[in-house]
Every structure is written in C-alpha cells, then in structure tokens.
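Dropping protein.tsv in here (TSV, C-alpha atoms):
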chain	number	residue	atom	x	y	z
A	1	MET	CA	-22.55	-6.70	48.95
A	2	PHE	CA	-23.00	-4.68	52.12
A	3	LYS	CA	-22.21	-6.22	55.46
A	4	SER	CA	-25.24	-6.70	57.66
A	5	ARG	CA	-23.56	-6.74	61.06
A	6	ARG	CA	-24.54	-4.07	63.54
A	7	ILE	CA	-22.47	-3.03	66.54
A	8	ALA	CA	-24.28	-2.14	69.73
A	9	LEU	CA	-23.96	1.56	70.52
A	10	VAL	CA	-23.56	0.90	74.20
A	11	ALA	CA	-20.49	-1.25	73.59
A	12	LEU	CA	-18.92	1.39	71.37
A	13	LEU	CA	-19.59	4.09	73.95
A	14	ALA	CA	-17.75	2.01	76.51
A	15	ALA	CA	-14.81	1.59	74.17
A	16	PHE	CA	-14.55	5.34	73.65
A	17	ALA	CA	-14.79	5.96	77.38
A	18	LEU	CA	-11.63	3.88	77.77
A	19	VAL	CA	-9.88	5.93	75.10
A	20	ILE	CA	-10.77	9.18	76.83
A	21	ALA	CA	-9.65	7.84	80.19
A	22	ALA	CA	-6.33	6.85	78.70
A	23	CYS	CA	-5.80	10.25	77.06
A	24	GLY	CA	-6.73	12.48	80.12
A	25	ASP	CA	-37.58	27.00	63.61
A	26	ASP	CA	-39.53	27.43	60.53
A	27	ASP	CA	-42.11	29.73	62.15
A	28	ASP	CA	-39.86	32.74	61.69
A	29	ALA	CA	-39.45	33.97	58.17
A	30	GLY	CA	-36.19	33.32	56.38
A	31	THR	CA	-34.43	36.41	55.17
A	32	THR	CA	-32.47	35.24	52.19
A	33	THR	CA	-32.91	32.78	49.41
A	34	THR	CA	-29.54	33.30	47.83
A	35	ALA	CA	-26.88	30.63	47.70
A	36	ALA	CA	-23.87	30.95	49.95
A	37	PRO	CA	-20.83	32.70	48.53
A	38	THR	CA	-17.69	30.66	47.92
A	39	THR	CA	-15.96	29.87	51.20
A	40	THR	CA	-12.41	30.95	51.80
A	41	ALA	CA	-10.22	30.54	54.83
A	42	ALA	CA	-10.53	33.11	57.60
A	43	PRO	CA	-7.45	34.90	58.92
A	44	THR	CA	-5.78	33.33	61.91
A	45	THR	CA	-5.10	36.55	63.80
A	46	THR	CA	-7.37	38.37	66.19
A	47	THR	CA	-6.56	41.80	64.84
A	48	GLN	CA	-9.17	44.01	63.28
A	49	ALA	CA	-9.94	43.07	59.70
A	50	ALA	CA	-9.24	45.40	56.80
A	51	THR	CA	-12.16	47.58	55.79
A	52	THR	CA	-11.37	48.63	52.23
A	53	THR	CA	-11.91	46.14	49.40
A	54	THR	CA	-13.83	46.07	46.18
A	55	ALA	CA	-17.55	46.52	46.28
A	56	ALA	CA	-20.10	43.81	45.50
A	57	PRO	CA	-23.89	44.02	45.36
A	58	ALA	CA	-25.50	43.10	48.67
A	59	THR	CA	-28.73	41.16	49.00
A	60	THR	CA	-30.70	40.91	52.24
A	61	THR	CA	-34.22	41.43	53.54
A	62	THR	CA	-36.56	43.91	54.95
A	63	ALA	CA	-38.18	43.29	58.32
A	64	ALA	CA	-41.39	42.04	56.72
A	65	PRO	CA	-42.10	38.33	57.12
A	66	THR	CA	-41.70	35.97	54.15
A	67	THR	CA	-40.21	38.63	51.90
A	68	THR	CA	-36.80	38.71	50.28
A	69	THR	CA	-35.66	41.95	48.71
A	70	THR	CA	-32.56	43.84	47.74
A	71	LEU	CA	-31.76	46.55	50.23
A	72	PRO	CA	-31.33	50.10	49.03
A	73	PRO	CA	-27.83	51.49	49.33
A	74	PRO	CA	-26.90	52.64	52.83
A	75	PRO	CA	-26.53	56.37	53.54
A	76	PRO	CA	-23.17	57.33	52.02
A	77	ALA	CA	-21.59	58.62	55.21
A	78	LYS	CA	-22.91	55.92	57.51
A	79	GLN	CA	-20.44	53.54	59.16
A	80	ILE	CA	-20.98	50.67	61.58
A	81	LEU	CA	-18.80	48.41	63.65
A	82	ALA	CA	-19.91	44.75	63.52
A	83	CYS	CA	-18.35	42.56	66.20
A	84	GLN	CA	-18.31	38.81	66.64
A	85	VAL	CA	-17.67	36.60	69.68
A	86	SER	CA	-16.52	33.08	68.88
A	87	ASP	CA	-17.17	29.94	70.84
A	88	THR	CA	-14.26	27.88	72.10
A	89	GLY	CA	-13.35	26.35	68.74
A	90	GLY	CA	-11.44	29.43	67.61
A	91	ILE	CA	-12.00	31.83	64.74
A	92	ASP	CA	-9.82	29.78	62.38
A	93	ASP	CA	-11.42	26.40	63.10
A	94	LYS	CA	-11.90	25.60	59.39
A	95	SER	CA	-15.63	25.16	59.90
A	96	PHE	CA	-18.08	26.74	62.38
A	97	ASN	CA	-16.55	29.98	63.69
A	98	GLU	CA	-14.63	30.57	60.50
A	99	LYS	CA	-17.75	30.24	58.37
A	100	ALA	CA	-19.58	32.82	60.51
A	101	TRP	CA	-16.60	35.19	60.39
A	102	LEU	CA	-16.55	34.88	56.61
A	103	GLY	CA	-19.94	36.59	56.50
A	104	ALA	CA	-18.51	39.59	58.32
A	105	GLN	CA	-15.58	39.73	55.90
A	106	GLN	CA	-18.00	39.64	52.97
A	107	ALA	CA	-19.86	42.62	54.44
A	108	VAL	CA	-16.61	44.59	54.47
A	109	GLU	CA	-16.19	43.80	50.77
A	110	ALA	CA	-19.78	44.65	49.89
A	111	TYR	CA	-19.84	47.96	51.80
A	112	PRO	CA	-16.32	49.38	51.38
A	113	GLY	CA	-15.46	52.00	53.97
A	114	GLN	CA	-18.80	51.58	55.75
A	115	VAL	CA	-18.39	48.35	57.70
A	116	GLU	CA	-15.63	47.68	60.20
A	117	ILE	CA	-15.38	44.26	61.83
A	118	GLU	CA	-13.68	42.82	64.88
A	119	PHE	CA	-13.76	39.53	66.73
A	120	LEU	CA	-12.88	38.14	70.13
A	121	GLU	CA	-12.06	34.47	70.63
A	122	SER	CA	-13.44	32.66	73.67
A	123	GLN	CA	-11.02	30.23	75.26
A	124	SER	CA	-13.70	28.90	77.63
A	125	ALA	CA	-17.30	29.54	78.62
A	126	ALA	CA	-16.01	31.96	81.25
A	127	ASP	CA	-15.01	34.30	78.40
A	128	PHE	CA	-18.45	34.56	76.80
A	129	ARG	CA	-20.00	37.37	78.83
A	130	PRO	CA	-16.78	39.36	79.31
A	131	ASN	CA	-16.20	39.31	75.55
A	132	ILE	CA	-19.78	40.43	74.89
A	133	ASP	CA	-19.49	43.20	77.47
A	134	ALA	CA	-16.15	44.32	76.04
A	135	PHE	CA	-17.74	44.80	72.64
A	136	ILE	CA	-20.72	46.65	74.10
A	137	ALA	CA	-18.33	49.00	75.92
A	138	GLN	CA	-16.39	49.49	72.69
A	139	GLY	CA	-19.54	50.72	70.96
A	140	CYS	CA	-20.15	47.91	68.48
A	141	ASP	CA	-23.33	48.51	66.50
A	142	LEU	CA	-23.93	44.74	66.23
A	143	VAL	CA	-22.63	41.95	68.45
A	144	THR	CA	-22.97	38.48	66.92
A	145	THR	CA	-22.36	35.51	69.18
A	146	VAL	CA	-21.41	32.27	67.49
A	147	GLY	CA	-22.98	29.20	68.96
A	148	PHE	CA	-25.65	27.57	71.09
A	149	LEU	CA	-23.40	27.61	74.14
A	150	LEU	CA	-23.46	31.44	74.20
A	151	ALA	CA	-27.25	31.63	74.43
A	152	GLU	CA	-27.56	32.35	78.15
A	153	ASP	CA	-24.93	35.07	78.17
A	154	THR	CA	-26.33	36.59	74.98
A	155	ALA	CA	-29.88	36.63	76.35
A	156	ASN	CA	-28.72	38.19	79.61
A	157	ALA	CA	-26.72	40.84	77.78
A	158	ALA	CA	-29.67	41.64	75.50
A	159	VAL	CA	-31.94	42.13	78.50
A	160	ASP	CA	-29.35	44.27	80.28
A	161	ASN	CA	-28.68	46.37	77.16
A	162	PRO	CA	-31.98	46.90	75.33
A	163	ASP	CA	-30.49	49.49	72.96
A	164	GLN	CA	-27.71	47.16	71.79
A	165	LEU	CA	-28.29	45.04	68.68
A	166	PHE	CA	-27.40	41.34	68.82
A	167	ALA	CA	-27.50	38.24	66.66
A	168	ILE	CA	-26.85	34.68	67.79
A	169	ILE	CA	-26.12	31.60	65.71
A	170	ASP	CA	-27.81	28.28	66.53
A	171	GLN	CA	-30.32	29.75	68.96
A	172	SER	CA	-33.46	31.81	68.60
A	173	PRO	CA	-35.79	33.32	71.22
A	174	GLY	CA	-38.62	31.00	72.17
A	175	PRO	CA	-40.79	29.81	75.08
A	176	PHE	CA	-37.90	28.22	76.96
A	177	ALA	CA	-34.83	29.22	78.95
A	178	PRO	CA	-32.82	31.40	78.65
A	179	TRP	CA	-35.44	33.44	76.83
A	180	THR	CA	-38.07	33.00	79.54
A	181	ASP	CA	-37.88	33.32	83.32
A	182	ALA	CA	-38.58	30.60	85.88
A	183	ASP	CA	-42.32	31.23	85.52
A	184	GLY	CA	-42.26	30.91	81.75
A	185	ASN	CA	-42.59	34.63	81.07
A	186	ASP	CA	-40.74	36.24	78.20
A	187	ARG	CA	-37.73	38.04	79.65
A	188	SER	CA	-37.71	40.73	76.95
A	189	PRO	CA	-40.33	43.47	77.34
A	190	ASP	CA	-40.37	44.16	73.59
A	191	GLY	CA	-40.18	40.59	72.30
A	192	TRP	CA	-36.42	40.59	71.61
A	193	GLN	CA	-36.55	43.33	69.00
A	194	ASN	CA	-32.84	43.94	69.61
A	195	LEU	CA	-31.83	40.34	68.88
A	196	ARG	CA	-31.96	38.12	65.83
A	197	GLY	CA	-31.76	34.34	66.04
A	198	LEU	CA	-29.95	32.58	63.19
A	199	THR	CA	-30.87	28.89	63.19
A	200	PHE	CA	-30.53	26.13	60.61
A	201	GLN	CA	-32.56	23.05	59.70
A	202	ILE	CA	-29.33	21.15	59.35
A	203	ASP	CA	-31.00	17.74	59.56
A	204	GLU	CA	-32.27	18.34	56.02
A	205	ALA	CA	-28.72	18.57	54.67
A	206	SER	CA	-27.32	15.82	56.89
A	207	PHE	CA	-30.15	13.55	55.67
A	208	LEU	CA	-28.75	13.96	52.17
A	209	ALA	CA	-25.25	13.31	53.52
A	210	GLY	CA	-26.38	10.08	55.17
A	211	TYR	CA	-27.97	8.95	51.94
A	212	VAL	CA	-24.76	9.61	49.99
A	213	ALA	CA	-22.56	8.07	52.70
A	214	ALA	CA	-24.60	4.88	52.56
A	215	GLY	CA	-24.06	4.82	48.82
A	216	ILE	CA	-20.26	5.08	48.95
A	217	THR	CA	-19.34	2.87	51.91
A	218	GLU	CA	-17.52	-0.30	50.95
A	219	THR	CA	-17.84	-1.94	54.37
A	220	GLY	CA	-21.54	-1.30	54.85
A	221	ILE	CA	-20.77	0.73	58.00
A	222	VAL	CA	-20.55	4.50	58.44
A	223	GLY	CA	-19.62	6.33	61.62
A	224	THR	CA	-20.23	9.65	63.32
A	225	PHE	CA	-19.41	11.45	66.54
A	226	GLY	CA	-20.00	14.88	68.01
A	227	GLY	CA	-18.09	17.41	70.02
A	228	ILE	CA	-20.57	18.35	72.77
A	229	ASN	CA	-24.04	16.85	73.20
A	230	ILE	CA	-26.13	19.89	72.29
A	231	PRO	CA	-29.00	20.20	69.80
A	232	PRO	CA	-27.07	21.91	66.97
A	233	VAL	CA	-24.62	18.98	67.04
A	234	THR	CA	-27.07	16.12	67.44
A	235	ALA	CA	-29.26	17.52	64.65
A	236	PHE	CA	-26.49	16.60	62.20
A	237	MET	CA	-26.38	13.07	63.59
A	238	VAL	CA	-30.15	12.57	63.65
A	239	GLY	CA	-30.51	13.54	60.01
A	240	PHE	CA	-27.45	11.50	59.05
A	241	GLN	CA	-28.92	8.29	60.44
A	242	GLN	CA	-32.28	9.02	58.84
A	243	GLY	CA	-30.55	9.45	55.49
A	244	VAL	CA	-28.74	6.13	55.81
A	245	GLU	CA	-31.99	4.40	56.71
A	246	HIS	CA	-33.71	6.00	53.73
A	247	TYR	CA	-30.97	4.72	51.43
A	248	ASN	CA	-31.47	1.24	52.87
A	249	ALA	CA	-35.21	1.43	52.29
A	250	VAL	CA	-34.80	2.60	48.69
A	251	ASN	CA	-31.99	0.24	47.73
A	252	GLY	CA	-32.62	-2.84	49.86
A	253	THR	CA	-29.27	-2.53	51.64
A	254	GLU	CA	-28.33	-2.85	55.31
A	255	VAL	CA	-25.81	-0.09	55.90
A	256	SER	CA	-25.43	0.57	59.61
A	257	VAL	CA	-24.48	3.68	61.58
A	258	LEU	CA	-21.99	3.76	64.44
A	259	GLY	CA	-21.73	6.62	66.91
A	260	TRP	CA	-25.36	7.72	67.09
A	261	SER	CA	-28.73	6.07	67.70
A	262	ASN	CA	-32.00	7.87	67.02
A	263	GLU	CA	-33.73	5.16	69.06
A	264	LEU	CA	-31.58	5.84	72.12
A	265	ASN	CA	-31.16	9.55	71.36
A	266	ASP	CA	-27.52	9.18	72.35
A	267	GLY	CA	-24.14	8.71	70.78
A	268	LEU	CA	-20.42	9.40	70.89
A	269	PHE	CA	-19.09	12.79	72.01
A	270	THR	CA	-15.58	14.00	72.68
A	271	GLY	CA	-16.81	16.59	75.17
A	272	ASN	CA	-14.95	19.40	73.43
A	273	PHE	CA	-14.45	21.24	70.16
A	274	GLU	CA	-10.68	21.58	70.36
A	275	SER	CA	-8.76	18.31	70.73
A	276	LEU	CA	-7.26	16.97	67.51
A	277	ASP	CA	-6.06	13.96	69.48
A	278	ASP	CA	-9.65	13.11	70.36
A	279	GLY	CA	-10.60	13.39	66.71
A	280	ARG	CA	-7.89	10.94	65.75
A	281	SER	CA	-8.83	8.48	68.50
A	282	PHE	CA	-12.53	8.55	67.76
A	283	ALA	CA	-11.99	8.01	64.03
A	284	GLU	CA	-9.55	5.19	64.75
A	285	ASN	CA	-12.08	3.44	66.96
A	286	LEU	CA	-14.90	3.86	64.46
A	287	VAL	CA	-12.68	2.36	61.75
A	288	ALA	CA	-11.77	-0.50	64.09
A	289	GLU	CA	-15.49	-1.26	64.32
A	290	GLY	CA	-15.79	-1.34	60.53
A	291	ALA	CA	-16.64	2.21	59.46
A	292	ASP	CA	-15.00	3.59	56.32
A	293	VAL	CA	-16.94	6.90	56.14
A	294	VAL	CA	-16.71	9.29	59.11
A	295	LEU	CA	-18.81	12.35	59.94
A	296	ALA	CA	-17.23	14.39	62.76
A	297	VAL	CA	-19.56	17.11	64.08
A	298	ALA	CA	-16.94	18.66	66.29
A	299	GLY	CA	-15.26	21.67	64.70
A	300	PRO	CA	-11.45	21.44	64.73
A	301	VAL	CA	-11.65	18.02	66.41
A	302	GLY	CA	-12.64	16.65	63.03
A	303	LEU	CA	-9.31	17.71	61.58
A	304	GLY	CA	-7.69	15.09	63.80
A	305	SER	CA	-10.03	12.52	62.26
A	306	ALA	CA	-9.15	13.74	58.78
A	307	ALA	CA	-5.44	13.35	59.53
A	308	TYR	CA	-6.01	9.76	60.63
A	309	CYS	CA	-8.06	8.94	57.53
A	310	GLN	CA	-5.51	10.56	55.25
A	311	GLU	CA	-2.53	8.82	56.83
A	312	THR	CA	-4.09	5.36	56.93
A	313	GLY	CA	-6.31	5.43	53.86
A	314	ALA	CA	-8.85	3.54	55.97
A	315	CYS	CA	-11.65	6.10	55.72
A	316	VAL	CA	-12.97	9.20	54.03
A	317	MET	CA	-14.54	12.18	55.76
A	318	ILE	CA	-17.72	14.20	55.43
A	319	GLY	CA	-17.10	17.80	56.47
A	320	VAL	CA	-19.43	20.10	58.39
A	321	ASP	CA	-20.48	23.76	58.27
A	322	ALA	CA	-18.12	24.78	55.44
A	323	ASP	CA	-16.64	22.90	52.50
A	324	GLN	CA	-13.73	21.55	54.47
A	325	ALA	CA	-11.89	20.37	51.36
A	326	VAL	CA	-11.56	24.12	50.70
A	327	THR	CA	-11.10	25.52	54.21
A	328	ALA	CA	-8.63	22.74	55.12
A	329	PRO	CA	-6.99	22.12	51.72
A	330	GLU	CA	-4.35	19.87	53.25
A	331	PHE	CA	-7.20	17.34	53.52
A	332	GLU	CA	-8.83	17.95	50.15
A	333	ASP	CA	-8.26	14.30	49.28
A	334	THR	CA	-10.04	13.19	52.47
A	335	PHE	CA	-13.17	15.36	52.67
A	336	VAL	CA	-15.24	13.93	49.82
A	337	PHE	CA	-18.02	16.47	50.46
A	338	SER	CA	-19.36	18.60	53.30
A	339	ILE	CA	-22.67	19.47	54.95
A	340	LEU	CA	-23.07	23.22	54.59
A	341	LYS	CA	-24.51	25.48	57.25
A	342	ASN	CA	-24.47	28.81	55.45
A	343	MET	CA	-23.88	31.03	58.45
A	344	ASP	CA	-21.86	33.42	56.33
A	345	VAL	CA	-24.95	34.43	54.37
A	346	ALA	CA	-27.02	34.92	57.54
A	347	VAL	CA	-24.31	37.02	59.20
A	348	PHE	CA	-23.74	39.04	56.03
A	349	ASN	CA	-27.44	39.82	55.67
A	350	THR	CA	-27.79	40.78	59.34
A	351	ILE	CA	-24.92	43.26	59.04
A	352	GLY	CA	-26.60	44.71	55.95
A	353	ASN	CA	-29.85	45.08	57.86
A	354	VAL	CA	-28.11	46.99	60.63
A	355	LEU	CA	-26.26	49.26	58.19
A	356	VAL	CA	-29.31	50.08	56.07
A	357	LEU	CA	-32.30	49.60	58.39
A	358	ASP	CA	-30.84	50.16	61.87
A	359	ALA	CA	-32.44	46.85	62.83
A	360	VAL	CA	-31.35	43.21	62.88
A	361	GLY	CA	-34.42	41.85	61.07
A	362	ASN	CA	-36.57	38.82	61.76
A	363	ASN	CA	-35.30	35.55	63.14
A	364	PHE	CA	-33.95	33.35	60.37
A	365	ASN	CA	-34.15	29.58	59.92
A	366	GLY	CA	-31.98	28.23	57.12
A	367	THR	CA	-33.40	25.33	55.10
A	368	LEU	CA	-32.80	23.55	51.81
A	369	ALA	CA	-35.59	25.67	50.36
A	370	ASN	CA	-34.00	29.03	51.16
A	371	GLY	CA	-30.38	27.99	50.64
A	372	GLY	CA	-29.51	28.14	54.32
A	373	VAL	CA	-28.24	24.54	54.31
A	374	GLY	CA	-27.09	22.09	51.67
A	375	LEU	CA	-24.23	19.95	50.43
A	376	SER	CA	-20.95	21.20	48.99
A	377	GLU	CA	-19.40	20.13	45.73
A	378	TYR	CA	-18.14	16.57	45.64
A	379	HIS	CA	-14.41	15.95	45.63
A	380	GLY	CA	-12.04	13.21	44.57
A	381	GLY	CA	-14.36	11.27	42.30
A	382	VAL	CA	-15.59	9.12	45.21
A	383	VAL	CA	-19.30	9.85	44.74
A	384	PRO	CA	-20.61	8.45	41.43
A	385	ASP	CA	-22.55	10.78	39.14
A	386	ALA	CA	-25.68	8.66	39.48
A	387	LEU	CA	-25.58	8.94	43.28
A	388	GLN	CA	-25.03	12.71	43.04
A	389	ALA	CA	-28.12	12.91	40.85
A	390	GLU	CA	-30.12	10.91	43.38
A	391	ALA	CA	-29.11	13.31	46.14
A	392	THR	CA	-30.06	16.31	44.01
A	393	GLN	CA	-33.48	14.83	43.32
A	394	LEU	CA	-33.91	13.93	46.97
A	395	ALA	CA	-33.21	17.53	47.97
A	396	ALA	CA	-35.81	18.74	45.47
A	397	ASP	CA	-38.34	16.24	46.85
A	398	ILE	CA	-37.73	17.44	50.40
A	399	VAL	CA	-38.26	21.05	49.35
A	400	ALA	CA	-41.41	20.15	47.42
A	401	ALA	CA	-42.79	18.32	50.45
A	402	GLY	CA	-42.32	21.38	52.66
A	403	GLY	CA	-39.36	20.08	54.65
A	404	LEU	CA	-37.82	16.86	55.88
A	405	ALA	CA	-40.48	16.08	58.48
A	406	ASP	CA	-43.22	16.31	55.88
A	407	TYR	CA	-41.18	14.33	53.36
A	408	LEU	CA	-40.73	11.47	55.83
A	409	GLY	CA	-44.38	11.72	56.84
Structure re-expressed in structure tokens:
Amino acid sequence: MFKSRRIALVALLAAFALVIAACGDDDDAGTTTTAAPTTTAAPTTTTQAATTTTAAPATTTTAAPTTTTTLPPPPPAKQILACQVSDTGGIDDKSFNEKAWLGAQQAVEAYPGQVEIEFLESQSAADFRPNIDAFIAQGCDLVTTVGFLLAEDTANAAVDNPDQLFAIIDQSPGPFAPWTDADGNDRSPDGWQNLRGLTFQIDEASFLAGYVAAGITETGIVGTFGGINIPPVTAFMVGFQQGVEHYNAVNGTEVSVLGWSNELNDGLFTGNFESLDDGRSFAENLVAEGADVVLAVAGPVGLGSAAYCQETGACVMIGVDADQAVTAPEFEDTFVFSILKNMDVAVFNTIGNVLVLDAVGNNFNGTLANGGVGLSEYHGGVVPDALQAEATQLAADIVAAGGLADYLG
C-alpha cells in the first residue's frame, strides 16, 4: 500500500535552504537513428587523446532533412582536429561531459589516423570564451561546446568566426537570445550554417523513468533535485513528475514527488554541478521526507547522493545522461537504471560530417523515436520484469503517438 501523504514543496525548499546556509526541437531533422554505443569511462586527464585504434564502421547523415544514411569513406589523406570545451562539471564527471567526450573518442576509433581530439575543461563560466578562442587559435576544425550555459559564448564566437565550425549540446539556434539581437533579428547572416545544435527531448525518457520509479518505491514517495535551474535540467524533472502521475492514473496509486512541482514550475537546486557534499545533503533531506528513490540531475553532485544511498541503504538512485552503474561502477548497486541522453552519438556523427562533408549538418533533436534518448539496462534486480515490459510498451506508445506531448494529449 502506497502512502498518500504529500509534502509541500515550499516547506522542503526552506529546509534545503537551511542546509545550504549551514554548508557555505523537433522541427530540425534528426541525423541518426542508431542506438548509442556502449558507454565506457572517459580518461581523467586533459592530455590529447590517442588517435590510433581499430577501425569501426561509421554511420551519420547527409545534410538533407529527414534522411539518415551511411557516409562514404573520407578522403584517405584527410585529417581533422575535433576539439571539445566542457562545462564546469569536468570531463570525467561520470555523466554529462564524459558522455559527450565519449563520442569524440569513438570517432578516433572509427577513423584511425584521421581524427585527432582534444578537450579543455572549464573551471567556471569565465573560462568558456577563452577556451573556445584557444581552440580556434589552435586551428581546430570543429569546436564542440558542452552545455546550455555555453550558449552565449558559443553564439558570439560563431558570429565572430564565420569560417569556424561549431556544435553545441543542449542549445540550438532559434528566435531568442543569444541567437537573435535585441530587436529579434537573427545574428547570423547565413542562418548559422557554421553551427549545429544538438538538443534532446529528454522529458520523453524521464517520463519513462518516473513511471518506473513510481512502480518500485516502497514508501510511495520519490525525490528529485537539480544542479542549476536551466531548461536542460528541469526537462528531466518535468518528465519525471509526469511519469509518476501517469503511473498513478494507470494503477490507482498515490505516489508523490518531492523536489519538483510542475504546477509551480520550481523545485530543489544545489546551484552547482560540482559539490558532492551538496549531493549527499540533498539526498539525505529527501530521504528524511520519505523518499526512497532519488533522481539527481546535477552531474557529479549526484555521486554524493549515490554515496549516501549506498552507505545507508535508505534509497536507490536513477542516473542521468549515461548509464551511471557503468560509468561509476563503485555505485553499480545503487544506480538501478539511468536516463540516457545519447550525446556521444550526436558528437560522433557531427565529427563524421565534418571529416567527410566539411560541414556540421542539420540541427539534431534526440528523441525516443530516433534513439537520441532512452533508458539504460536495469541493474540489481530492483525493477520487476513486468514493470520493465510496461516501460518498454509505454516507450513504443509514445513513439507511435508522435512524441510525449501528443501521447499525453
């Protein structure tokens, strides 16, 4: 029997404020329909990656909308340098930056001797533009910036350097800043031909996660929190709550969500993507309010939550971006499954486009339908087979409906 009590979000926000004080778009065609390759951990150094490994067939797209095709082999003597600027979470964050960097590593394997890769880590927002400029000066053929927070600096650099190719994760040019000026005019004279946006309909996958979370909670309460209150973070939380509510509607239960309210459009945020201590504190407070399943949308911060859950046995975790039972194997008994944002595939395909086509390709929006988002394998025997089957059917129903919005009506 699920508990029916609900905790007011405002009260929980106030509780977390005390803890902190104490501690100090589908309109663009998708460019791949392939499933994401198996995730492995990224290196923890900032040195240039090796460029000679075994070859693997590469699949990506042409520039034509709505088409997916295998690229021809690149010219034999052609070589490119693909560079990546991380956000503040670090390249070895076990989720967001690491998953994007994996795509670059896979390009090295697929095009032996033809793709070199390098990255720069950003310690703060002040590093974003200098890191981008450093790579432009170095002669990188492609500069990929990893994260919504780099949008303004990426847009400015793309305008200032029209011959430089860029890609950005979690943003895409549109009729809003930083892609338009104060008068609403497009800032790029050629419609951002030198830049590719890589976005993800992550609410589709987090909807499935919410449904599964509601099916495995023993307290009738699940919890979530984010790192920074930005759309790519809150999209996880929005879909998660919708999935819980859908489970309730289907099964006649009253599972409640702590840490986010779609009604208030607000929730719990640590204000950073770095502090493991914040992750521990936020998970501890969610558990104190009754949650036994925790979704931390906060990069490495979530590893602090996982440590708390593992040590106390009071909760299990849902990972984000990558299969965190794999990327953080020390917590494989804690991450029962993860919400996948297959940035590696998008980055890999963009590098292939640059190598073969000398162009970045169309903007990409990853969905359940094109394999851009999804759920990982389940771990630890926590999720019953019947519930796994329900989630699989639910994903198929969302795809058949044309997306989550159409499925929900």
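Between CA of Tyr111 in chain A and CA of Asn362 in chain A the separation is 21.5 Å.
Across the model, the gap from CA of Gln242 in chain A to CA of Phe207 in chain A is 5.9 Å.
Atom pair CA of Phe148 in chain A / CA of Gly271 in chain A has a distance of 14.7 Å (rounded to one decimal).
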Task: Non-local contacts of Leu368 in chain A (10 Å; only C-alpha atoms; under 4 positions in same chain excluded) as a PyMOL selection string - done: chain A and resi 33+200-205+372-375+395-396+398-399+402-404
Open item on the list: When you look at Gly239 in chain A with a cut-off of 12 Å (counting only C-alpha atoms), what residues show up, excluding the ones that are within fewer than 5 positions of it in the same chain? I need them as a PyMOL selection string.
Closed with: chain A and resi 201-211+224+231-234+244-246+257+260-262+295+339+404-405+408
- [ ] Enumerate, as number ranges by chain, the protein, DNA and RNA residues whose atoms approach (-19.9, 11.1, 72.7) to within 8 Å, taking into account only C-alpha atoms and the coordinate frame of the file.
- [x] A: 13, 16, 225-229, 259, 266-271
Task: Who sits within 6 Å of Val336 in chain A, all atoms listed in the file, same chain under 2 positions skipped, as a ChimeraX atom specification - done: /A:334,378-379
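Considering only C-alpha atoms, the residue among A:Gly90, A:Pro178, A:Gly409, A:Gly380 positioned nearest to Ala325 in chain A is A:Gly380.
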Task: Nearest residue to Pro76 in chain A from the set A:Val356, A:Ala213, A:Ala307, A:Val108 (distances using all atoms listed in the file) - done: A:Val356
